[in-house]
file coords_9.cif (mmCIF, C-alpha atoms)
data_model
loop_
_atom_site.label_atom_id
_atom_site.label_comp_id
_atom_site.auth_asym_id
_atom_site.auth_seq_id
_atom_site.Cartn_x
_atom_site.Cartn_y
_atom_site.Cartn_z
CA MET A 700 8.06 -13.11 12.73
CA THR A 701 4.30 -13.15 13.05
CA ILE A 702 2.40 -14.71 10.14
CA THR A 703 -0.08 -12.02 9.09
CA ASN A 704 -3.41 -12.40 7.35
CA ALA A 705 -1.89 -10.81 4.22
CA MET A 706 0.81 -13.50 4.18
CA ARG A 707 -1.75 -16.29 4.62
CA LEU A 708 -3.89 -14.93 1.78
CA LEU A 709 -0.97 -14.67 -0.64
CA LYS A 710 0.20 -18.17 0.28
CA GLN A 711 -3.32 -19.57 -0.30
CA ALA A 712 -3.36 -17.84 -3.70
CA GLY A 713 -0.02 -19.41 -4.62
CA ILE A 714 1.70 -16.04 -4.94
CA GLU A 715 5.43 -16.06 -4.36
CA PHE A 716 6.65 -13.54 -1.80
CA ASP A 717 9.36 -12.96 0.76
CA THR A 718 9.16 -11.03 4.00
CA SER A 719 11.35 -8.56 5.78
CA GLU A 720 11.21 -7.31 9.34
CA TYR A 721 12.48 -4.16 11.04
CA GLU A 722 12.27 -2.66 14.51
CA VAL A 723 9.37 -0.21 14.77
CA ASP A 724 10.19 3.29 15.97
CA GLU A 725 6.91 4.68 17.35
CA SER A 726 8.29 8.22 17.06
CA ASP A 727 8.79 7.83 13.29
CA LEU A 728 6.32 5.58 11.44
CA SER A 729 7.24 6.98 8.03
CA GLY A 730 7.93 4.63 5.17
CA VAL A 731 11.19 6.42 4.42
CA HIS A 732 12.38 5.58 7.94
CA ALA A 733 11.27 1.96 7.44
CA ALA A 734 13.21 1.79 4.16
CA GLU A 735 16.28 3.17 5.95
CA MET A 736 15.88 0.56 8.69
CA LEU A 737 15.85 -2.17 6.02
CA GLY A 738 18.69 -0.59 4.06
CA ILE A 739 16.67 -0.43 0.83
CA ASP A 740 15.91 2.21 -1.79
CA PRO A 741 12.73 4.05 -0.70
CA ASP A 742 11.61 4.10 -4.35
CA CYS A 743 10.87 0.35 -4.19
CA MET A 744 8.93 0.53 -0.90
CA PHE A 745 5.27 1.44 -1.30
CA LYS A 746 2.87 2.85 1.29
CA THR A 747 -0.83 2.06 1.18
CA LEU A 748 -3.20 5.03 1.40
CA VAL A 749 -6.99 5.09 1.51
CA ALA A 750 -9.07 7.96 0.13
CA ARG A 751 -12.76 8.70 -0.30
CA GLY A 752 -14.18 10.06 -3.53
CA ASP A 753 -17.39 12.05 -3.88
CA ARG A 754 -18.85 9.59 -6.42
CA LYS A 755 -17.10 6.23 -6.15
CA GLY A 756 -16.44 5.97 -2.41
CA LEU A 757 -13.29 4.41 -1.01
CA SER A 758 -10.21 3.65 -3.07
CA VAL A 759 -6.76 2.33 -2.20
CA PHE A 760 -3.52 3.78 -3.58
CA CYS A 761 -0.02 2.32 -3.30
CA ILE A 762 2.73 4.86 -3.89
CA PRO A 763 6.47 5.09 -3.15
CA VAL A 764 7.03 5.97 0.51
CA ALA A 765 8.91 9.20 -0.23
CA GLU A 766 6.21 10.53 -2.56
CA GLU A 767 2.94 12.40 -2.00
CA LEU A 768 -0.40 11.39 -3.43
CA ASP A 769 -1.75 13.75 -6.10
CA LEU A 770 -5.45 13.87 -5.28
CA LYS A 771 -6.37 15.38 -8.68
CA LYS A 772 -4.67 12.51 -10.51
CA CYS A 773 -6.38 10.04 -8.17
CA ALA A 774 -9.81 11.60 -8.80
CA ALA A 775 -9.17 11.31 -12.54
CA VAL A 776 -8.34 7.59 -12.36
CA THR A 777 -11.25 6.77 -10.04
CA GLY A 778 -13.88 8.78 -11.91
CA ASP A 779 -14.48 11.10 -8.98
CA LYS A 780 -14.73 14.88 -9.15
CA LYS A 781 -13.13 15.28 -5.73
CA ILE A 782 -11.20 12.88 -3.54
CA GLU A 783 -9.75 13.25 -0.05
CA MET A 784 -7.74 11.12 2.33
CA ILE A 785 -9.72 9.33 5.03
CA HIS A 786 -8.98 10.28 8.64
CA VAL A 787 -6.47 8.06 10.44
CA LYS A 788 -9.13 7.23 13.04
CA GLU A 789 -11.25 5.62 10.28
CA LEU A 790 -8.46 3.39 8.97
CA LEU A 791 -8.80 0.44 11.34
CA GLY A 792 -12.59 0.23 11.02
CA LEU A 793 -12.53 0.41 7.22
CA THR A 794 -9.48 -1.73 6.46
CA GLY A 795 -8.67 -3.77 9.54
CA TYR A 796 -5.21 -2.17 9.60
CA VAL A 797 -3.50 0.56 11.64
CA ARG A 798 -1.39 3.46 10.40
CA GLY A 799 2.08 2.19 9.56
CA GLY A 800 0.77 -1.33 9.00
CA CYS A 801 -1.82 -0.91 6.25
CA SER A 802 -1.47 -3.52 3.52
CA PRO A 803 -3.23 -3.56 0.15
CA VAL A 804 -3.67 -7.31 0.73
CA GLY A 805 -6.44 -8.57 2.99
CA MET A 806 -8.45 -5.48 3.83
CA LYS A 807 -11.87 -6.00 5.43
CA LYS A 808 -13.52 -5.24 2.09
CA LYS A 809 -12.26 -5.26 -1.46
CA TYR A 810 -11.75 -1.66 -2.57
CA PRO A 811 -10.73 -0.43 -6.03
CA THR A 812 -6.94 -0.30 -5.95
CA TRP A 813 -4.27 1.55 -7.93
CA ILE A 814 -0.51 1.13 -7.77
CA ASP A 815 1.80 3.93 -8.88
CA GLU A 816 3.23 3.13 -12.29
CA THR A 817 6.81 3.43 -10.98
CA ALA A 818 6.31 0.00 -9.35
CA THR A 819 6.76 -1.53 -12.81
CA LEU A 820 10.38 -0.32 -12.81
CA PHE A 821 11.19 -2.96 -10.17
CA ASP A 822 11.16 -6.76 -10.28
CA ARG A 823 9.98 -6.78 -6.68
CA ILE A 824 8.52 -4.13 -4.39
CA TYR A 825 7.95 -3.86 -0.66
CA VAL A 826 4.48 -3.28 0.82
CA SER A 827 3.24 -3.63 4.37
CA ALA A 828 2.49 -7.18 5.48
CA GLY A 829 -0.38 -5.83 7.58
CA GLN A 830 1.56 -5.20 10.75
CA ARG A 831 4.03 -2.49 11.71
CA GLY A 832 7.58 -3.68 11.22
CA GLN A 833 6.78 -6.34 8.63
CA GLN A 834 6.98 -6.05 4.86
CA LEU A 835 5.97 -8.27 1.96
CA ILE A 836 8.39 -8.40 -0.95
CA LEU A 837 6.72 -9.43 -4.20
CA SER A 838 6.37 -8.75 -7.89
CA PRO A 839 4.31 -5.62 -8.67
CA ASP A 840 2.43 -7.65 -11.29
CA ASP A 841 1.53 -10.32 -8.73
CA LEU A 842 0.34 -7.64 -6.30
CA ALA A 843 -1.75 -6.00 -9.03
CA ARG A 844 -3.23 -9.32 -10.09
CA TYR A 845 -4.12 -10.32 -6.52
CA THR A 846 -5.70 -6.96 -5.62
CA ASP A 847 -7.24 -6.36 -9.08
CA ALA A 848 -5.21 -3.15 -9.17
CA ALA A 849 -4.34 -0.97 -12.12
CA PHE A 850 -1.09 0.92 -12.59
CA ALA A 851 -1.38 4.72 -12.90
CA ASP A 852 0.52 7.96 -12.37
CA LEU A 853 -0.56 8.86 -8.82
CA THR A 854 2.08 11.14 -7.33
CA ARG A 855 2.92 14.83 -7.36
CA LEU A 856 5.75 15.97 -9.58
#

call {"tool": "encode", "arguments": {"input": "coords_9.cif", "output": "structure tokens"}}
result
Amino acid sequence: MTITNAMRLLKQAGIEFDTSEYEVDESDLSGVHAAEMLGIDPDCMFKTLVARGDRKGLSVFCIPVAEELDLKKCAAVTGDKKIEMIHVKELLGLTGYVRGGCSPVGMKKKYPTWIDETATLFDRIYVSAGQRGQQLILSPDDLARYTDAAFADLTRL
């Protein structure tokens, strides 16, 4: 297993975490597929999405892999009137991460971050370790504390 920047940062901060690894299937980079590969409930695996608001700029959202982001709810929590997902081609330049390996930990810049409130239902959640095929497993509270994130209702019903 490769030690990622996200892992190094959490270790330096004294945050307890475990890791998990799965074989990447380039034909299916979905989080649901990753959860299946790890044999875990997709509700406890969170994908990291980046969106741009008309007033506040970039924001990061962590939601369960099987769910869809509700852009109206996201605009409400960020204070934007309108918010839209960034283009995949912008992801690497803005975050330092590629699609399927975007972690809320260790982005190039610190962006306002929100974690879907369902994360609090679990003692530990899975998020990308910053590389395809690698996951961090940590407490949602520790993740929120490290990223200065708030919990909010972010998904479509």

call {"tool": "resolve_selection", "arguments": {"input": "coords_9.cif", "expression": "the PyMOL selection byres ((chain A and resi 742-747) around 7)", "output": "list in words"}}
result
Gly730, Ala734, Asp740, Pro741, Leu748, Val749, Val759, Phe760, Cys761, Ile762, Pro763, Val764, Cys801, Ser802, Pro803, Ala818, Phe821, Ile824, Tyr825 and Val826 of chain A

call {"tool": "closest_residue", "arguments": {"input": "coords_9.cif", "among": "A:Gly795, A:Gln834, A:Pro839, A:Glu715", "to": "A:Leu820", "atoms": "all atoms listed in the file"}}
result
A:Pro839

call {"tool": "residues_around", "arguments": {"input": "coords_9.cif", "residues": "A:Val723", "least_positions_apart": "6", "cutoff": "10 Å", "atoms": "all atoms listed in the file", "output": "PyMOL selection string"}}
result
chain A and resi 732-733+736+799+831-833

call {"tool": "closest_residue", "arguments": {"input": "coords_9.cif", "among": "A:Ala828, A:Lys808, A:Val776, A:Glu735", "to": "A:Ser719", "atoms": "only C-alpha atoms"}}
result
A:Ala828

call {"tool": "resolve_selection", "arguments": {"input": "coords_9.cif", "expression": "the PyMOL selection byres ((chain A and resi 810) around 7)", "output": "PyMOL selection string"}}
result
chain A and resi 757-759+808-809+811-812

call {"tool": "closest_residue", "arguments": {"input": "coords_9.cif", "among": "A:Glu816, A:Asp727, A:Asp753, A:Asp822", "to": "A:Asp779", "atoms": "only C-alpha atoms"}}
result
A:Asp753

call {"tool": "closest_residue", "arguments": {"input": "coords_9.cif", "among": "A:Val804, A:Ile702, A:Ile714, A:Cys773", "to": "A:Leu837", "atoms": "all atoms listed in the file"}}
result
A:Ile714

call {"tool": "closest_residue", "arguments": {"input": "coords_9.cif", "among": "A:Val797, A:Met784, A:Leu791, A:Ala851", "to": "A:Thr817", "atoms": "all atoms listed in the file"}}
result
A:Ala851

call {"tool": "atom_distance", "arguments": {"input": "coords_9.cif", "atom1": "atom CA of A:Lys755", "atom2": "atom CA of A:Asp847"}}
result
16.3 Å

call {"tool": "closest_residue", "arguments": {"input": "coords_9.cif", "among": "A:Leu835, A:Leu709, A:Ile739, A:Ala750", "to": "A:Gly800", "atoms": "all atoms listed in the file"}}
result
A:Leu835

call {"tool": "resolve_selection", "arguments": {"input": "coords_9.cif", "expression": "the PyMOL selection byres ((chain A and resi 768) around 7)", "output": "number ranges by chain"}}
result
A: 766-767, 769-770, 853-855

call {"tool": "residues_around", "arguments": {"input": "coords_9.cif", "residues": "stretch 785-787 of chain A", "least_positions_apart": "2", "cutoff": "7 Å", "atoms": "only C-alpha atoms", "output": "mmCIF file with C-alpha atoms, keeping the file's coordinate frame"}}
result
data_model
loop_
_atom_site.group_PDB
_atom_site.id
_atom_site.type_symbol
_atom_site.label_atom_id
_atom_site.label_comp_id
_atom_site.auth_asym_id
_atom_site.auth_seq_id
_atom_site.Cartn_x
_atom_site.Cartn_y
_atom_site.Cartn_z
ATOM 1 C CA VAL A 749 -6.990 5.090 1.510
ATOM 2 C CA ALA A 750 -9.070 7.960 0.130
ATOM 3 C CA ARG A 751 -12.760 8.700 -0.300
ATOM 4 C CA GLU A 783 -9.750 13.250 -0.050
ATOM 5 C CA GLU A 789 -11.250 5.620 10.280
ATOM 6 C CA LEU A 790 -8.460 3.390 8.970
ATOM 7 C CA ARG A 798 -1.390 3.460 10.400
#

call {"tool": "atom_distance", "arguments": {"input": "coords_9.cif", "atom1": "atom CA of A:Ile836", "atom2": "atom CA of A:Tyr796"}}
result
18.3 Å

call {"tool": "atom_distance", "arguments": {"input": "coords_9.cif", "atom1": "atom CA of A:Glu725", "atom2": "atom CA of A:Thr703"}}
result
19.9 Å
